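Novice: Contents are compact mmCIF, C-alpha atoms; file name entry_25.txt:
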```
# COMPACT_ATOMS: atom_id res chain seq x y z
CA MET A 423 -13.94 -22.69 -5.16
CA THR A 424 -11.49 -20.29 -6.76
CA LEU A 425 -10.29 -17.08 -5.18
CA LYS A 426 -12.15 -15.02 -7.79
CA GLU A 427 -15.44 -16.71 -6.87
CA ARG A 428 -15.02 -15.55 -3.28
CA VAL A 429 -14.98 -11.85 -4.16
CA THR A 430 -17.76 -9.92 -2.45
CA THR A 431 -18.98 -6.34 -2.77
CA ALA A 432 -22.05 -4.73 -1.32
CA THR A 433 -25.08 -5.12 -3.61
CA GLN A 434 -25.50 -1.92 -5.63
CA PRO A 435 -24.07 0.43 -3.00
CA SER A 436 -25.63 3.87 -2.80
CA ALA A 437 -23.69 7.13 -2.84
CA ALA A 438 -24.07 7.23 0.95
CA ASP A 439 -22.67 3.69 1.29
CA VAL A 440 -19.40 4.58 -0.45
CA ALA A 441 -19.04 8.09 0.96
CA TRP A 442 -15.96 8.85 3.05
CA ARG A 443 -16.72 12.13 4.80
CA PHE A 444 -13.29 12.46 6.47
CA TRP A 445 -11.44 12.51 3.14
CA PHE A 446 -10.01 15.95 3.92
CA THR A 447 -7.77 14.45 6.64
CA LEU A 448 -5.77 12.85 3.82
CA PRO A 449 -6.94 14.48 0.57
CA ILE A 450 -5.92 11.90 -2.03
CA TYR A 451 -7.84 10.06 -4.74
CA PRO A 452 -10.63 8.88 -4.66
CA TYR A 453 -11.36 11.58 -2.08
CA GLY A 454 -14.90 11.32 -0.70
CA ARG A 455 -16.01 8.19 -2.57
CA ARG A 456 -14.44 4.81 -1.84
CA ARG A 457 -15.61 1.40 -3.02
CA THR A 458 -14.75 -1.70 -0.97
CA LEU A 459 -14.18 -5.25 -2.14
CA ARG A 460 -13.94 -8.26 0.19
CA ARG A 461 -12.08 -11.43 -0.72
CA GLU A 462 -11.95 -14.67 1.25
CA VAL A 463 -8.34 -15.88 1.26
CA VAL A 464 -8.59 -18.86 3.63
CA ALA A 465 -12.08 -20.32 3.84
CA GLY A 466 -13.78 -19.36 7.09
CA GLU A 467 -10.50 -18.02 8.50
CA LEU A 468 -9.13 -14.95 6.77
CA TRP A 469 -10.45 -12.16 4.52
CA VAL A 470 -8.99 -9.08 2.87
CA PHE A 471 -10.87 -5.81 2.33
CA GLU A 472 -9.58 -3.64 -0.49
CA GLN A 473 -10.05 -0.03 -1.52
CA VAL A 474 -7.95 2.19 -3.80
CA GLN A 475 -5.87 5.26 -3.10
CA GLY A 476 -3.51 7.42 -5.09
CA ILE A 477 -2.44 10.78 -6.44
CA PHE A 478 -3.36 12.06 -9.91
CA TYR A 479 -4.85 8.73 -10.99
CA VAL A 480 -1.80 6.75 -9.84
CA VAL A 481 -4.04 4.39 -7.89
CA VAL A 482 -3.08 1.18 -6.12
CA PRO A 483 -4.95 -1.10 -3.72
CA ILE A 484 -4.88 -0.44 -0.01
CA ARG A 485 -5.82 -3.46 2.07
CA MET A 486 -6.87 -4.51 5.54
CA THR A 487 -6.91 -8.11 6.71
CA VAL A 488 -9.54 -9.65 8.99
CA VAL A 489 -8.79 -12.89 10.85
CA ARG A 490 -11.23 -15.12 12.71
CA LEU A 491 -10.13 -15.81 16.28
CA ALA A 492 -10.37 -19.36 17.63
CA ALA A 493 -12.17 -18.17 20.77
CA GLY A 494 -14.66 -16.14 18.72
CA GLY A 495 -14.52 -12.67 17.27
CA LEU A 496 -12.27 -10.99 14.75
CA LEU A 497 -8.86 -9.30 14.58
CA VAL A 498 -8.38 -6.45 12.08
CA TYR A 499 -4.91 -5.61 10.74
CA ALA A 500 -4.41 -2.14 9.18
CA PRO A 501 -7.98 -0.77 8.84
CA VAL A 502 -9.22 0.92 5.68
CA ALA A 503 -11.85 3.65 5.43
CA PRO A 504 -14.96 2.51 7.33
CA THR A 505 -17.50 3.56 4.73
CA GLY A 506 -21.04 2.21 4.92
CA GLU A 507 -20.18 -0.41 2.30
CA CYS A 508 -17.04 -1.48 4.17
CA LEU A 509 -18.85 -1.73 7.51
CA GLN A 510 -21.67 -3.74 5.95
CA LEU A 511 -19.12 -6.28 4.64
CA VAL A 512 -17.38 -6.44 8.05
CA LYS A 513 -20.67 -6.86 9.92
CA GLU A 514 -21.55 -9.83 7.72
CA LEU A 515 -18.49 -11.53 9.21
CA VAL A 516 -19.38 -10.29 12.69
CA ALA A 517 -22.77 -11.99 12.37
CA LEU A 518 -21.02 -15.28 11.63
CA HIS A 519 -17.93 -15.13 13.84
CA GLY A 520 -18.45 -12.55 16.58
CA ASP A 521 -17.47 -8.95 17.24
CA VAL A 522 -14.30 -7.17 16.17
CA ARG A 523 -12.15 -7.62 19.29
CA TYR A 524 -8.76 -6.24 18.25
CA ILE A 525 -7.65 -3.55 15.78
CA ILE A 526 -3.96 -3.39 14.89
CA LEU A 527 -2.10 -0.33 13.59
CA PRO A 528 1.17 -1.92 12.35
CA THR A 529 3.01 1.25 11.28
CA ILE A 530 4.07 4.58 12.76
CA SER A 531 4.57 6.65 9.60
CA GLY A 532 1.90 5.45 7.18
CA LEU A 533 -0.78 8.15 7.21
CA GLU A 534 -2.86 6.13 4.76
CA HIS A 535 -3.21 3.50 7.51
CA LYS A 536 -3.23 5.66 10.64
CA VAL A 537 -5.97 8.03 9.46
CA PHE A 538 -8.60 5.26 9.42
CA VAL A 539 -7.97 3.73 12.85
CA GLY A 540 -9.94 6.22 14.94
CA PRO A 541 -13.09 6.19 12.76
CA PHE A 542 -12.91 2.40 12.40
CA ALA A 543 -12.56 1.95 16.17
CA ARG A 544 -15.60 4.15 16.79
CA ALA A 545 -17.66 1.78 14.63
CA PHE A 546 -16.67 -1.10 16.94
CA PRO A 547 -16.68 0.36 20.46
CA GLN A 548 -15.95 -2.97 22.15
CA ALA A 549 -12.65 -3.46 20.25
CA GLN A 550 -9.21 -2.90 21.75
CA VAL A 551 -6.77 -0.90 19.59
CA TRP A 552 -3.11 -1.99 19.57
CA VAL A 553 -0.52 0.23 17.89
CA ALA A 554 3.14 -0.05 16.95
CA PRO A 555 5.51 1.65 19.45
CA ASP A 556 6.94 5.16 18.89
CA GLN A 557 3.88 6.67 17.19
CA TRP A 558 4.45 10.21 15.93
CA SER A 559 2.63 12.83 13.90
CA PHE A 560 3.65 15.75 11.67
CA PRO A 561 4.05 18.71 11.83
CA VAL A 562 3.25 18.54 15.57
CA ASN A 563 3.69 15.36 17.57
CA LEU A 564 0.24 14.97 19.15
CA PRO A 565 -1.13 12.41 21.62
CA LEU A 566 -3.01 9.57 19.96
CA SER A 567 -6.25 10.60 21.65
CA TRP A 568 -6.00 13.95 19.85
CA LEU A 569 -5.78 12.03 16.56
CA GLY A 570 -9.06 10.23 17.22
CA PHE A 571 -7.76 7.07 18.86
CA PRO A 572 -10.17 5.96 21.62
CA ARG A 573 -9.15 6.70 25.19
CA GLY A 574 -8.98 3.77 27.57
CA ARG A 575 -8.79 1.07 24.90
CA THR A 576 -5.71 2.07 22.90
CA HIS A 577 -2.57 0.13 23.84
CA VAL A 578 1.03 -0.02 22.63
CA LEU A 579 2.22 -3.41 21.39
CA PRO A 580 4.78 -4.86 23.83
CA PRO A 581 8.04 -6.35 22.49
CA ASP A 582 6.65 -9.88 22.59
CA SER A 583 3.23 -11.14 21.49
CA SER A 584 2.86 -13.18 24.69
CA GLY A 585 2.02 -9.90 26.42
CA THR A 586 -1.13 -9.42 24.34
CA PRO A 587 -4.56 -11.10 24.61
CA PHE A 588 -4.18 -12.49 21.08
CA GLY A 589 -0.70 -13.94 21.63
CA ASP A 590 -2.00 -17.52 21.71
CA GLU A 591 -2.80 -17.25 17.98
CA PHE A 592 -0.32 -14.71 16.62
CA ASP A 593 3.39 -14.03 16.69
CA TYR A 594 4.69 -10.63 15.69
CA ALA A 595 8.03 -8.96 15.10
CA ILE A 596 8.48 -5.21 15.40
CA LEU A 597 11.05 -3.64 13.10
CA GLU A 598 13.04 -1.45 15.46
CA THR A 599 12.22 2.20 14.78
CA ILE A 600 14.44 3.70 12.06
CA ASP A 601 15.33 7.34 12.67
CA LEU A 602 15.35 9.21 9.36
CA GLY A 603 15.93 12.71 10.69
CA PRO A 604 12.60 14.47 10.06
CA GLY A 605 10.62 11.33 10.86
CA GLN A 606 10.71 7.66 11.75
CA PHE A 607 9.78 4.34 10.19
CA ALA A 608 8.71 1.05 11.75
CA GLU A 609 6.56 -1.91 10.83
CA VAL A 610 4.92 -4.80 12.67
CA ALA A 611 4.90 -8.15 10.87
CA MET A 612 2.21 -10.49 12.24
CA PHE A 613 2.09 -14.26 11.75
CA HIS A 614 -1.20 -16.09 12.08
CA ARG A 615 -0.13 -19.58 13.04
CA ARG A 616 -3.31 -21.48 12.17
CA SER A 617 -3.47 -20.27 8.55
CA ARG A 618 0.33 -19.91 8.18
CA THR A 619 -0.16 -16.37 6.90
CA LEU A 620 2.26 -13.45 7.28
CA LEU A 621 0.70 -9.98 7.45
CA LEU A 622 2.86 -7.04 6.35
CA THR A 623 2.26 -3.35 5.79
CA ASP A 624 4.71 -1.70 3.36
CA SER A 625 7.97 -3.66 3.49
CA ILE A 626 7.14 -6.14 0.71
CA VAL A 627 5.00 -5.89 -2.41
CA ALA A 628 4.32 -8.07 -5.43
CA ILE A 629 3.22 -6.57 -8.74
CA PRO A 630 0.39 -8.38 -10.56
CA SER A 631 0.55 -8.39 -14.33
CA GLN A 632 -3.16 -7.59 -14.60
CA PRO A 633 -4.97 -4.72 -12.82
CA PRO A 634 -6.52 -5.91 -9.53
CA GLU A 635 -10.29 -6.17 -9.43
CA ILE A 636 -10.65 -3.28 -6.98
CA VAL A 637 -8.79 -1.00 -9.43
CA GLN A 638 -11.12 -2.08 -12.24
CA LEU A 639 -14.22 -0.95 -10.35
CA GLU A 640 -13.32 2.63 -11.41
CA LEU A 641 -11.85 2.69 -14.93
CA ASP A 642 -10.91 6.37 -15.34
CA PRO A 643 -7.36 5.98 -13.93
CA LEU A 644 -6.57 2.91 -16.05
CA LEU A 645 -7.80 4.43 -19.29
CA PHE A 646 -6.21 7.81 -18.57
CA HIS A 647 -2.76 6.24 -18.27
CA ALA A 648 -3.29 3.93 -21.25
CA ARG A 649 -3.12 6.88 -23.66
CA ASP A 650 -0.02 8.16 -25.44
CA ARG A 651 -1.30 11.67 -26.11
CA ALA A 652 -4.11 13.94 -24.96
CA ASN A 653 -6.13 13.80 -28.19
CA GLN A 654 -6.28 10.00 -28.22
CA ILE A 655 -9.58 8.25 -27.48
CA ILE A 656 -8.93 5.07 -25.51
CA PRO A 657 -11.61 2.35 -25.77
CA ASP A 658 -12.20 0.14 -22.76
CA THR A 659 -10.47 -3.12 -23.68
CA PRO A 660 -8.55 -5.68 -21.56
CA ALA A 661 -5.35 -4.67 -23.34
CA ASN A 662 -5.83 -0.99 -22.55
CA ARG A 663 -6.66 -1.74 -18.92
CA GLN A 664 -3.44 -3.74 -18.64
CA ARG A 665 -1.45 -1.00 -20.39
CA GLY A 666 -2.79 1.62 -17.99
CA TRP A 667 -2.07 -0.60 -15.00
CA GLN A 668 1.53 -1.21 -16.01
CA ARG A 669 2.18 2.52 -16.30
CA ILE A 670 0.46 3.17 -12.96
CA CYS A 671 2.84 0.68 -11.32
CA LEU A 672 5.86 2.43 -12.81
CA PHE A 673 4.63 5.80 -11.55
CA ALA A 674 3.77 4.45 -8.10
CA LEU A 675 7.13 2.81 -7.50
CA TYR A 676 9.56 5.09 -9.35
CA PHE A 677 7.75 8.50 -9.46
CA GLN A 678 9.31 9.22 -12.86
CA PRO A 679 10.75 6.05 -14.42
CA SER A 680 13.63 6.36 -16.84
CA ILE A 681 11.43 5.44 -19.82
CA LEU A 682 9.19 8.47 -19.25
CA LYS A 683 9.72 12.09 -20.27
CA ILE A 684 7.72 15.06 -19.03
CA ARG A 685 6.71 17.30 -21.92
CA LYS A 686 7.05 21.07 -21.95
CA TRP A 687 4.14 22.78 -20.30
CA SER A 688 3.53 24.96 -23.38
CA ASP A 689 3.16 21.87 -25.60
CA THR A 690 0.96 20.14 -23.06
CA TRP A 691 -1.31 23.14 -22.70
CA ARG A 692 -1.63 23.62 -26.47
CA GLU A 693 -2.45 19.96 -27.07
CA SER A 694 -5.11 19.95 -24.34
CA PHE A 695 -7.32 22.13 -26.55
CA THR A 696 -7.39 19.39 -29.20
CA ALA A 697 -8.39 16.65 -26.76
CA PRO A 698 -11.79 15.12 -27.60
CA LEU A 699 -12.60 14.69 -23.91
CA ARG A 700 -12.01 17.77 -21.77
CA SER A 701 -13.72 16.91 -18.51
CA ARG A 702 -12.71 16.76 -14.89
CA GLN A 703 -12.32 12.97 -15.27
CA THR A 704 -9.69 13.51 -18.01
CA TYR A 705 -7.98 16.44 -16.26
CA PHE A 706 -9.44 18.76 -18.92
CA GLY A 707 -7.27 17.27 -21.67
CA ILE A 708 -3.96 17.82 -19.90
CA TYR A 709 -1.58 14.90 -20.49
CA PRO A 710 2.08 15.87 -19.94
CA PHE A 711 3.67 12.42 -20.34
CA GLU A 712 5.70 11.00 -23.19
CA TRP A 713 6.53 7.31 -22.95
CA GLN A 714 9.48 5.89 -24.84
CA ALA A 715 8.89 3.04 -27.29
CA ASP A 716 10.41 0.46 -24.94
CA TRP A 717 8.55 1.65 -21.83
CA GLN A 718 7.13 -1.82 -21.11
CA GLN A 719 10.65 -3.06 -20.35
CA GLY A 720 10.44 -1.02 -17.16
CA PHE A 721 7.45 -3.08 -16.06
CA VAL A 722 9.28 -6.29 -16.97
CA ASN A 723 12.16 -5.14 -14.77
CA LEU A 724 9.76 -4.81 -11.83
CA GLN A 725 9.10 -8.54 -11.99
CA ALA A 726 12.57 -9.64 -13.06
CA ASP A 727 13.80 -10.51 -9.57
CA GLY A 728 10.84 -12.71 -8.67
CA ARG A 729 7.50 -11.85 -7.17
CA LEU A 730 8.67 -10.31 -3.87
CA LEU A 731 9.89 -6.74 -4.12
CA VAL A 732 11.02 -4.11 -1.66
CA ALA A 733 9.62 -0.87 -3.03
CA PRO A 734 12.37 1.45 -4.35
CA ILE A 735 11.46 4.24 -1.91
CA LEU A 736 12.02 1.85 1.03
CA GLU A 737 15.14 0.38 -0.54
CA THR A 738 16.73 3.74 -1.36
CA LEU A 739 15.44 6.16 1.28
CA ILE A 740 14.58 4.17 4.41
CA LEU A 741 15.76 0.60 5.04
CA ASN A 742 19.33 1.32 3.94
CA ARG A 743 19.54 3.76 6.89
CA ALA A 744 19.41 0.78 9.25
CA PRO A 745 20.63 -2.35 7.45
CA ARG A 746 21.58 -4.29 10.57
CA GLN A 747 18.32 -3.85 12.43
CA THR A 748 16.35 -4.51 9.24
CA ILE A 749 18.18 -7.77 8.58
CA ALA A 750 17.72 -8.79 12.23
CA TRP A 751 13.97 -8.22 11.82
CA VAL A 752 13.95 -10.13 8.51
CA ASP A 753 15.77 -13.08 10.10
CA ARG A 754 13.26 -13.20 12.94
CA VAL A 755 10.29 -13.12 10.56
CA ALA A 756 11.86 -15.80 8.35
CA GLN A 757 11.85 -18.21 11.29
CA TRP A 758 8.08 -18.54 10.99
CA ASP A 759 6.70 -21.27 8.75
CA PHE A 760 4.44 -19.10 6.60
CA GLU A 761 3.17 -20.12 3.18
CA ARG A 762 1.64 -16.83 2.07
CA ILE A 763 2.14 -13.11 2.59
CA ILE A 764 -0.60 -10.49 2.63
CA PRO A 765 0.87 -6.96 2.29
CA CYS A 766 -1.25 -3.81 2.42
CA HIS A 767 -0.62 -2.78 -1.19
CA PHE A 768 -0.53 -4.20 -4.73
CA ASP A 769 -1.00 -7.99 -4.98
CA ALA A 770 -2.25 -10.41 -2.33
CA PRO A 771 -2.15 -13.14 -1.28
CA ILE A 772 1.40 -14.01 -2.34
CA SER A 773 2.28 -17.69 -2.20
CA THR A 774 5.90 -17.75 -1.02
CA THR A 775 8.41 -19.12 1.47
CA PRO A 776 10.44 -17.65 4.32
CA GLU A 777 13.56 -17.99 2.22
CA ASP A 778 12.04 -15.97 -0.63
CA PHE A 779 11.12 -13.31 1.91
CA ARG A 780 14.67 -13.22 3.23
CA SER A 781 16.14 -12.99 -0.28
CA ALA A 782 14.10 -9.87 -1.07
CA PHE A 783 16.31 -7.94 1.38
CA ASP A 784 19.66 -9.06 -0.04
CA PHE A 785 20.26 -5.51 -1.29
CA LEU A 786 21.17 -4.68 2.33
CA LYS A 787 24.06 -7.14 2.27
CA SER A 788 27.49 -6.22 1.00
CA GLY A 789 28.27 -7.67 -2.41
CA ASP A 790 24.66 -8.30 -3.41
CA ALA A 791 22.78 -6.84 -6.34
CA ALA A 792 22.00 -3.38 -5.00
CA ASP A 793 22.90 -1.91 -8.39
CA SER A 794 20.64 -4.11 -10.50
CA PRO A 795 19.22 -2.59 -13.70
CA ARG A 796 15.92 -2.15 -11.88
CA SER A 797 17.49 -0.19 -9.04
CA ALA A 798 20.08 1.81 -10.93
CA VAL A 799 18.13 2.81 -14.04
CA ASP A 800 14.42 2.80 -13.30
CA ALA A 801 14.87 4.27 -9.81
CA ALA A 802 17.21 7.03 -10.93
CA LEU A 803 14.85 9.75 -9.72
CA VAL A 804 14.45 8.12 -6.30
CA ARG A 805 18.23 7.95 -6.00
CA GLU A 806 18.55 11.60 -6.97
CA ILE A 807 15.95 12.53 -4.33
CA ASP A 808 18.05 10.60 -1.83
CA ARG A 809 21.22 12.46 -2.81
CA GLN A 810 19.54 15.84 -2.54
CA LEU A 811 17.91 15.12 0.83
CA VAL A 812 21.25 14.02 2.24
CA LYS A 813 23.00 17.03 0.71
CA TRP A 814 20.49 19.37 2.34
CA ARG A 815 20.81 17.42 5.60
CA ILE A 816 17.11 16.68 5.68
CA ILE A 817 17.67 12.96 6.20
CA PHE A 818 20.61 10.92 7.42
CA PRO A 819 22.86 9.27 4.83
CA PRO A 820 22.60 5.51 4.31
CA ARG A 821 24.77 3.21 6.38
CA ASP A 822 27.12 0.59 5.02
CA ARG A 823 25.55 -2.70 4.05
CA ILE A 824 26.35 -5.64 6.30
```
If you took the structure in this file and wrote it as structure tokens, what would it be?

Specialist:
Amino acid sequence: MTLKERVTTATQPSAADVAWRFWFTLPIYPYGRRRTLRREVVAGELWVFEQVQGIFYVVVPIRMTVVRLAAGGLLVYAPVAPTGECLQLVKELVALHGDVRYIILPTISGLEHKVFVGPFARAFPQAQVWVAPDQWSFPVNLPLSWLGFPRGRTHVLPPDSSGTPFGDEFDYAILETIDLGPGQFAEVAMFHRRSRTLLLTDSIVAIPSQPPEIVQLELDPLLFHARDRANQIIPDTPANRQRGWQRICLFALYFQPSILKIRKWSDTWRESFTAPLRSRQTYFGIYPFEWQADWQQGFVNLQADGRLLVAPILETLILNRAPRQTIAWVDRVAQWDFERIIPCHFDAPISTTPEDFRSAFDFLKSGDAADSPRSAVDAALVREIDRQLVKWRIIFPPRDRI
């Protein structure tokens, strides 16, 4: 059976099934309506649940992973929004394999992961919640119970997995908290020994050439970004879906890639009145982007260094603040004999090796390709943001590579 044949969605979900009534806690697309797709990655062992999230139609998958425990029950890594559709798909697994026993929050800074933990835990009142150390919130650092985490069953992950009730099946490595100045970053990598699967949050991504199935459940973002001008009607074709997806990836990873120009507001506003579709779904004809003729080379550059990629924002603004502790974490993770990685965003599963994982972080080592065309050209805006934040003393400057 192929991976595609194992894709499951709820049968004709109603508006109530896909409603997310706490959308205002993190008001990003798709706001109060979220579809969920379940895929079986390892037969009878491991599943991923996918939704989409984004800003201004720059939508990418967000993913939680569910693992069957040998003693019965399920472990959930990085919950997504527990809509009716999502819970129905989880409870189908519960009926086969037992209750959700453990819920893992593997990050301290990712609001798009943290915001779902409390509501998800309330749907499974018997589950223990385990969180990465050094949790914090902005603008006020509040106790986890004030953020909706259940009292009495929320625990901090100890340094070693042997101190947890699921340590007989999982290893994990906690990236030592990186102090950025206004905030902190950390991540928990978990290794499921039986399936030889590495679970990651944000540190690694892989960019699929085609739009993921969850993104294709709602076509407005793909077709919006496939256009070259506001007054262009874009038919729904595989080529246009792919074109829109490639541009979404460039936006998501680089904010404003070098092959994109932002048009003058006066020209954008004037052209919006000639747009054939002036609805809320098309932002009322407003399309301020102008792509250069060779824009697709930027997408090619994303995949030029192999499938595993450290996102430019992590490479340029975060991990380079703590190269030694990041490499120490990478070396520890690379000791595990995993054969696939499941990150929380973009593509999954990724068939790979520990050595490929280690190589993705070579930019932290002195003399390696930190100034590749991908990093230096396409991520120019990210680098300029870095320079300005350091200049204004909002974040600490990067440290020397090792």

Novice: Within 9 Å of segment 594-603 of chain A, counting all atoms listed in the file, which residues show up once you throw out same-chain ones fewer than 2 positions away? Write them as a VMD selection string, please.

Specialist: chain A and resid 528 530 554 to 556 579 581 to 583 589 592 605 to 614 739 to 741 743 to 744 747 to 748 750 to 752 754 to 755 815 to 819

Novice: Between atom CA of Trp758 of chain A and atom CA of Leu622 of chain A, measure the distance and give it in Å to one decimal.

Specialist: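 Computing the Euclidean distance for atom CA of Trp758 of chain A and atom CA of Leu622 of chain A yields 13.5 Å.
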
Novice: Interatomic distance between atom CA of Gln510 of chain A and atom CA of Arg443 of chain A?

Specialist: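 Taking atom CA of Gln510 of chain A and atom CA of Arg443 of chain A, their separation equals 16.7 Å.
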
Novice: Using Å and a single decimal, report how far atom CA of Ser631 of chain A sits from atom CA of Phe721 of chain A.

Specialist: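 About the pair atom CA of Phe721 of chain A and atom CA of Ser631 of chain A: they are 8.9 Å apart.
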
Novice: Calculated over only C-alpha atoms, which of the candidates A:Pro698, A:Pro710, A:Pro572, A:Gly532 has the smallest distance to Ile655 of chain A?

Specialist: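 Smallest separation from Ile655 of chain A among the options: A:Pro698.
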